[in-house]
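Q: Please find one structure pasted underneath; my questions will follow.
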Amino acid sequence: MTHNLLKGKRGIIFGALNEESIAWKVAVKAVEEGASITLSNTAMALRMGTLDQLSKQLNAPVIAADATSVEDLVKVFAESVQLLGGKIDFVLHSIGMSPNVRKHRTYDDLDYNYLQKTLDISAISFHKMLQVAKKQDAIAEYGSVVALTYVAAQRTFFGYNDMADAKSMLESIARSFGYIYGREKNVRINTISQSPTPTTAGKGIKDMDNLMDFANKMSPLGNADAEECANYCVMMFSDFTRKVTMQNLYHDGGFSSMGMSLRAMNQYAKDLAPYEDENGKIIYG
Ligand SMILES: NC(=O)c1ccc[n+]([C@@H]2O[C@H](COP(=O)([O-])OP(=O)(O)OC[C@H]3O[C@@H](n4cnc5c(N)ncnc54)[C@H](O)[C@@H]3O)[C@@H](O)[C@H]2O)c1
């Protein structure tokens, strides 16, 4: 069911790689809700993924860009304004990558060149996007910019590695730029902190299946999936949230407010229950 929440609005969606991507679902929902959009990803992602298919399905032009390149971003915003016929009403930053995670470097053995890349791709690219957009005055009054983040920015999660630092920085940029862009142009900037989700980036996190199961057991509403995240993004792009800015908004079924749940406790008790080993000896958890 559609509600025309984004009727007549223009948007740019960064980070759709394949059908599993959160950005992919956001692009589909945004168009269903009446928006016209452009899509952007790296040249390599265009080769490896299936963005072409989405572009055809949504009649949405693709503009190749590395989000760490200011020059590329200048092109994305200028061309989007031209192609869509006016200023941009919403932007999704759905970009994350850590070479340290990819190369299995642990947090106490980081490669610092990789760390720079993690921060540039996953956080500073957000600042670059905002700075480019503001200099071009490419975003309309009360336009809405959303970046996707994860609760590892606030709490420590085994295996999330230097992405935790990147997400902390991303959320900080949303506040710092949100103040300036809000004050000068009424543009709002928020981050949505999403449940663990089985996407290409998500699956790169260590023991993702266990993390997802744990989060699901801890959350009173269960994990939020990519489609539900897309609904939340659309609401944040819509005129119903015109005074929401500089916020980190949890979209996680309640996980971030929990300490211990009954379901998690039951699972833990099961794991600790005494059991018999192969020699008949009783082992206490
Ligand atoms: N999957 C999860 O569990 C989860 C949870 C919370 C937040 N997030 C965040 O959601 C966002 C989207 O990730 P996803 O889970 O949909 O995975 P995904 O792998 O589908 O998307 C990540 C995207 O980042 C793009 N990217 C990487 N380097 C880039 C660069 N230099 N320039 C431009 N784009 C680049 C990739 O091409 C890809 O499209 C990320 O910020 C991620 O951290 C994911």
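Naming works like this for the structure tokens: A, B, ... for the chains as they're shown, residue 1 at the start of each chain, ligands 1 onward in shown order.
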Give me every strand (DSSP E) residue in stretch 15-125 of chain A, going by DSSP on the backbone, as a ChimeraX atom specification.
A: /A:36-41,62-64,88-93
Q: Could you report the residues within 6 Å of ligand 1, using only C-alpha atoms and all ligand atoms, as a PyMOL selection string?
A: chain A and resi 15-17+21-23+41-42+45+66-68+94-97+121+148-150+193-202
Q: Take the residues just selected and output them with C-alpha atoms as a short mmCIF file (atom, residue, chain, number, x, y, z; two decimals), in the first residue's frame.
A:
```cif
data_model
loop_
_atom_site.label_atom_id
_atom_site.label_comp_id
_atom_site.auth_asym_id
_atom_site.auth_seq_id
_atom_site.Cartn_x
_atom_site.Cartn_y
_atom_site.Cartn_z
CA GLY A 15 24.90 2.57 -1.75
CA ALA A 16 22.54 0.13 -3.48
CA LEU A 17 24.69 -2.81 -4.56
CA SER A 21 21.15 -3.77 0.12
CA ILE A 22 19.17 -1.56 2.46
CA ALA A 23 19.59 1.26 -0.08
CA ASN A 41 27.68 3.71 -6.36
CA THR A 42 31.34 3.08 -7.26
CA ALA A 45 30.09 -1.86 -7.44
CA ASP A 66 33.49 7.03 -5.32
CA ALA A 67 32.01 8.74 -2.24
CA THR A 68 35.52 9.56 -0.98
CA SER A 94 24.12 3.92 2.82
CA ILE A 95 27.85 3.35 2.53
CA GLY A 96 30.23 1.37 4.68
CA MET A 97 33.41 -0.61 4.24
CA ILE A 121 34.61 5.63 3.09
CA LEU A 148 22.68 4.50 8.20
CA THR A 149 24.56 3.58 11.34
CA TYR A 150 24.86 0.87 14.01
CA SER A 193 20.71 3.03 13.74
CA GLN A 194 19.57 -0.22 12.17
CA SER A 195 19.39 -3.81 13.52
CA PRO A 196 21.93 -6.27 12.13
CA THR A 197 20.70 -7.09 8.61
CA PRO A 198 21.87 -9.84 6.23
CA THR A 199 23.40 -7.79 3.38
CA THR A 200 26.79 -7.96 1.67
CA ALA A 201 28.28 -5.49 4.20
CA GLY A 202 26.41 -7.13 7.11
#
```
Q: For the structure I just gave you, how does DSSP split stretch 35-283 of chain A - specifically, which residues are alpha helix (DSSP H)? Reply as an MDAnalysis selection string.
A: chainID A and resid 43:48 51:58 70:84 99:102 112:119 125:135 163:185 200:203 208:218 226:237 262:272
Q: Could you check which of A:Ile192, A:Met1, A:Met44, A:Leu6 is closest to A:Asp239, using only C-alpha atoms?
A: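 Nearest candidate to A:Asp239 out of A:Ile192, A:Met1, A:Met44, A:Leu6: A:Leu6.
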Q: I'd like the neighbourhood of A:Asn190 as a PyMOL selection string, where a residue qualifies if any of its atoms comes within 7 Å (using only C-alpha atoms), though same-chain residues fewer than 6 positions away should be ignored.
A: chain A and resi 145-147+174+245-248
Q: With distances taken over only C-alpha atoms, which of A:Gln57, A:Ser144, A:Ser172, A:Asn186 is nearest to A:Thr241?
A: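 Closest candidate: A:Ser144.
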Q: Would you please work out which residue, of A:Ala152, A:Met235, A:Ile283, A:Val101, is nearest to A:Thr118 when using only C-alpha atoms?
A: A:Val101
Q: Name the closest residue to A:Arg175 among the candidates A:Ser257, A:Ile205, A:Cys229, A:Phe126; distances are taken between atoms, counting only C-alpha atoms.
A: A:Phe126
Q: Measuring atom to atom with only C-alpha atoms, identify which of A:Met163, A:Val234, A:Ala273, A:Met218 is nearest to A:Phe255.
A: A:Met218
Q: Nearest to A:Val74: which of A:Leu54, A:Leu130, A:Val244, A:Ala30 is it, counting only C-alpha atoms?
A: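 Distance minimum relative to A:Val74 lands on A:Leu130.
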Q: Take atom CA of A:Leu119 and atom CA of A:Lys135 and report the distance between them in Å, one decimal.
A: 22.5 Å
Q: May I have the residues within 9 Å of stretch 70-73 of chain A as JSON, numbers by chain, using only C-alpha atoms and disregarding those fewer than 6 positions away in the same chain?
A: {"A": [64, 125, 128, 129, 132, 133]}
Q: Restricting the output to N, CA and C atoms, write the selected residues as a PDB file, in the first residue's frame.
A:
```pdb
ATOM      1  N   ALA A  64      27.924   7.089 -11.519  1.00  0.00           N
ATOM      2  CA  ALA A  64      29.031   6.400 -10.838  1.00  0.00           C
ATOM      3  C   ALA A  64      29.842   7.405 -10.024  1.00  0.00           C
ATOM      4  N   SER A 125      33.069  10.497   4.057  1.00  0.00           N
ATOM      5  CA  SER A 125      32.285  10.637   2.814  1.00  0.00           C
ATOM      6  C   SER A 125      30.964  11.355   3.094  1.00  0.00           C
ATOM      7  N   LYS A 128      31.781  14.978   3.210  1.00  0.00           N
ATOM      8  CA  LYS A 128      32.066  15.442   1.841  1.00  0.00           C
ATOM      9  C   LYS A 128      30.760  15.664   1.081  1.00  0.00           C
ATOM     10  N   MET A 129      29.844  14.732   1.221  1.00  0.00           N
ATOM     11  CA  MET A 129      28.536  14.833   0.556  1.00  0.00           C
ATOM     12  C   MET A 129      27.809  16.105   0.976  1.00  0.00           C
ATOM     13  N   VAL A 132      29.665  19.345  -0.241  1.00  0.00           N
ATOM     14  CA  VAL A 132      29.450  19.545  -1.680  1.00  0.00           C
ATOM     15  C   VAL A 132      28.023  20.040  -1.921  1.00  0.00           C
ATOM     16  N   ALA A 133      27.052  19.394  -1.300  1.00  0.00           N
ATOM     17  CA  ALA A 133      25.638  19.765  -1.505  1.00  0.00           C
ATOM     18  C   ALA A 133      25.400  21.205  -1.063  1.00  0.00           C
TER      19      ALA A 133
END
```
Q: Residues near A:Gln154, anyone? I mean within 10 Å using only C-alpha atoms, not counting same-chain ones fewer than 6 positions away, as a list in words.
A: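 Answer for this query is Ala164, Asp165, Lys167, Ser168 and Ser256 of chain A.
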Q: Would you export the selected residues with N, CA and C atoms as a PDB file, in the first residue's frame, please?
A:
```pdb
ATOM      1  N   ALA A 164      33.231   0.583  14.299  1.00  0.00           N
ATOM      2  CA  ALA A 164      32.623   1.265  15.447  1.00  0.00           C
ATOM      3  C   ALA A 164      33.089   2.714  15.504  1.00  0.00           C
ATOM      4  N   ASP A 165      34.386   2.922  15.250  1.00  0.00           N
ATOM      5  CA  ASP A 165      34.935   4.286  15.258  1.00  0.00           C
ATOM      6  C   ASP A 165      34.343   5.104  14.114  1.00  0.00           C
ATOM      7  N   LYS A 167      31.417   4.668  12.718  1.00  0.00           N
ATOM      8  CA  LYS A 167      30.004   4.991  12.989  1.00  0.00           C
ATOM      9  C   LYS A 167      29.884   6.114  14.032  1.00  0.00           C
ATOM     10  N   SER A 168      30.776   6.127  15.021  1.00  0.00           N
ATOM     11  CA  SER A 168      30.761   7.230  15.994  1.00  0.00           C
ATOM     12  C   SER A 168      30.997   8.553  15.280  1.00  0.00           C
ATOM     13  N   SER A 256      18.423  -1.376  21.682  1.00  0.00           N
ATOM     14  CA  SER A 256      19.343  -0.418  22.311  1.00  0.00           C
ATOM     15  C   SER A 256      18.936  -0.018  23.723  1.00  0.00           C
TER      16      SER A 256
END
```
Q: Which residues come within 9 Å of A:Lys7, counting only C-alpha atoms, excluding same-chain residues fewer than 5 positions away, as a list of chain:residue names?
A: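 These residues fall inside the cut-off: A:Val31, A:Glu33, A:Gly34, A:Ala35, A:Ser36.
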Q: Would you compute the distance between atom CA of A:Gly253 and atom CA of A:Ser176? Give it in Å to one decimal.
A: 27.2 Å
Q: Would you work out the distance separating atom CA of A:Leu5 from atom CA of A:Asp137, expressed in Å to one decimal?
A: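 Between atom CA of A:Leu5 and atom CA of A:Asp137 the gap is 23.8 Å.
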